[in-house]
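Scroll down for the structure; my scribbles are underneath it.
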Amino acid sequence: MFDNVLDNYAHSNNLKDANTYFKVLFVISTMVMNLISTSPVIPLIITFFMSFLIIFEAKIPLKFYLKFLLIVPVSFGLLTFIFMSIFFGVGSHILEFGIFNLAITSDGFNLGFLVFARMLGGFSCLAFLALTTPTNEMFTVLEHLKIPKIVIELAMLIYRYIFVFLNEAVNMYHAQETRLGYHNMKKAYKSMGMLASNLFIRTWIRGEQAYQAMESRCYTGSINTMRSKDSAKTIGLKNILFLLMFEGFLILGVYFTANFRLF
């Protein structure tokens, strides 16, 4: 399953032993630079740099990372870019479609591309953290940062039940597929309708079973985070210098590219 693959990479990549606090601080500060940039240059630099770290430093397979990147952020980002280019902004027309007075304006294009670049930059930061850091270590860091315990517990449960939902959907899909449920278009629509109508009930049952399993293991309403061995390690001077240099470079980039526009 996808969650097993994701967790396997998080526990077996070449950056798994890097200090968790440094990775969290690095990702948060880089995402801030990604958001405050008023041009797409810095978000794209962040995307390429994070992708470089994921592929060449953490040794995550390129094929898996591209699939991970293309499933949601790129496809959704392209749709957002297209709609914002057409329906947002004013200014000179870059491209006219000739129907319903639809056209791509310069302001709409620049705004849409900026949002698209920010989506890629933000997702690449989160992908770096997710693919190089086990979730139990991230929750431990959140606990040390004095995040309310109820927030951490909700995050842990949500993370778990997202994959319970996906597992049920994948199992039902494969069961339908082996019975030729997607043999033609008519059967495919019927099968998808049946899957959607039964998925919530099946997921609810699995959630109840998981809760009963937790109660049988002395669950008292509070989930304890696992303490990692490197939780007490300091970030280190080398990591601090790298962080300051990289974020300083991004700050300069944000300043000098503030007025950059494609059109």
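Chain labels A, B, ... are given in the sequence in which chains occur in the structure tokens; within each chain residues are numbered consecutively from 1, and ligands are likewise numbered from 1 in the order shown.
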
Legend entry - Which of range 90-205 of chain A fall in strand (DSSP E), as a count of residues only: 7

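Using only C-alpha atoms, the protein and nucleic acid residues lying no more than 9 Å from Ile42 in chain A, apart from those fewer than 5 places from it along its own chain, are A:Met33, A:Asn34, A:Ser37, A:Thr47, A:Ala117, A:Arg118, A:Gly121, A:Leu250, A:Gly253, A:Val254, A:Thr257.
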
Given the selection you just returned, output its residues as a file containing N, CA and C atoms, formatted as a PDB file, in the first residue's frame.
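Result saved to out-v4.pdb:
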ATOM      1  N   MET A  33       9.577  31.533   3.337  1.00  0.00           N
ATOM      2  CA  MET A  33      10.158  32.227   2.193  1.00  0.00           C
ATOM      3  C   MET A  33       9.341  31.977   0.926  1.00  0.00           C
ATOM      4  N   ASN A  34       8.823  30.759   0.803  1.00  0.00           N
ATOM      5  CA  ASN A  34       8.002  30.405  -0.345  1.00  0.00           C
ATOM      6  C   ASN A  34       6.722  31.237  -0.391  1.00  0.00           C
ATOM      7  N   SER A  37       7.306  35.312  -1.042  1.00  0.00           N
ATOM      8  CA  SER A  37       7.834  35.717  -2.342  1.00  0.00           C
ATOM      9  C   SER A  37       6.704  36.220  -3.230  1.00  0.00           C
ATOM     10  N   THR A  47      11.505  24.501  -5.084  1.00  0.00           N
ATOM     11  CA  THR A  47      11.037  23.213  -5.621  1.00  0.00           C
ATOM     12  C   THR A  47      12.199  22.376  -6.138  1.00  0.00           C
ATOM     13  N   ALA A 117       3.467  28.078  -8.712  1.00  0.00           N
ATOM     14  CA  ALA A 117       4.840  27.920  -8.211  1.00  0.00           C
ATOM     15  C   ALA A 117       4.851  27.772  -6.695  1.00  0.00           C
ATOM     16  N   ARG A 118       4.009  28.536  -6.002  1.00  0.00           N
ATOM     17  CA  ARG A 118       3.941  28.407  -4.548  1.00  0.00           C
ATOM     18  C   ARG A 118       3.433  27.028  -4.129  1.00  0.00           C
ATOM     19  N   GLY A 121       6.359  24.685  -4.528  1.00  0.00           N
ATOM     20  CA  GLY A 121       7.353  24.911  -3.491  1.00  0.00           C
ATOM     21  C   GLY A 121       6.906  24.395  -2.137  1.00  0.00           C
ATOM     22  N   LEU A 250      17.685  32.965   0.111  1.00  0.00           N
ATOM     23  CA  LEU A 250      16.281  33.097  -0.287  1.00  0.00           C
ATOM     24  C   LEU A 250      15.752  34.495   0.005  1.00  0.00           C
ATOM     25  N   GLY A 253      16.961  36.669  -2.632  1.00  0.00           N
ATOM     26  CA  GLY A 253      16.210  36.366  -3.847  1.00  0.00           C
ATOM     27  C   GLY A 253      14.823  36.972  -3.829  1.00  0.00           C
ATOM     28  N   VAL A 254      14.156  36.906  -2.672  1.00  0.00           N
ATOM     29  CA  VAL A 254      12.827  37.518  -2.549  1.00  0.00           C
ATOM     30  C   VAL A 254      12.909  39.023  -2.809  1.00  0.00           C
ATOM     31  N   THR A 257      13.919  39.783  -6.701  1.00  0.00           N
ATOM     32  CA  THR A 257      12.941  39.309  -7.702  1.00  0.00           C
ATOM     33  C   THR A 257      11.535  39.791  -7.397  1.00  0.00           C
TER      34      THR A 257
END

Inset, instruction - Go through A:Asp7, A:Asp17, A:Glu168, A:Asp107 and flag the residue nearest Phe263 in chain A, using only C-alpha atoms for the distances. - result: A:Asp107

Inset, instruction - Would you list the contacts of Lys16 in chain A as a ChimeraX atom specification, taking every protein, DNA or RNA residue within 8 Å and counting only C-alpha atoms, but skipping same-chain residues closer than 5 positions in sequence? - result: /A:10-11,58,132-134

Inset, instruction - Tell me, as a PyMOL selection string, which residues lie within 12 Å of Leu262 in chain A, counting only C-alpha atoms; anything in the same chain fewer than 4 positions away does not count. - result: chain A and resi 39-41+94+105-114+257

Inset, instruction - Show which residues sit within 12 Å of Thr135 in chain A, as a ChimeraX atom specification. Count only C-alpha atoms, and ignore same-chain residues fewer than 3 positions away. - result: /A:3,6-11,16,20,24,129-132,138-142,152,155-157,159-160,225-228

Legend entry - All alpha helix (DSSP H) positions in range 12-239 of chain A, as a PyMOL selection string: chain A and resi 12+20-36+41-52+62-69+75-87+106-132+135-144+149-178+185-216+237-239

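Distances here use only C-alpha atoms; by that measure, the residue among A:Gly207, A:Gly248, A:Pro73, A:Gly91 closest to Leu126 in chain A is A:Pro73.
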
Legend entry - Selection near Tyr211 in chain A, 12 Å with only C-alpha atoms, sequence-local residues under 4 positions removed, as a list of chain:residue names: A:Leu157, A:Arg160, A:Tyr161, A:Trp204, A:Ile205, A:Arg206, A:Gly207, A:Glu215, A:Ser216, A:Arg217, A:Cys218, A:Tyr219, A:Thr220, A:Gly221

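A straight line drawn from CA of Met84 in chain A to CA of Phe49 in chain A is 26.5 Å long.
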
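Among the candidates A:Thr38, A:His183, A:Leu95, A:Ala175, the residue lying nearest to Phe256 in chain A is A:Thr38 (atoms considered: only C-alpha atoms).
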
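The space between CA of Arg202 in chain A and CA of Val170 in chain A spans 12.0 Å.
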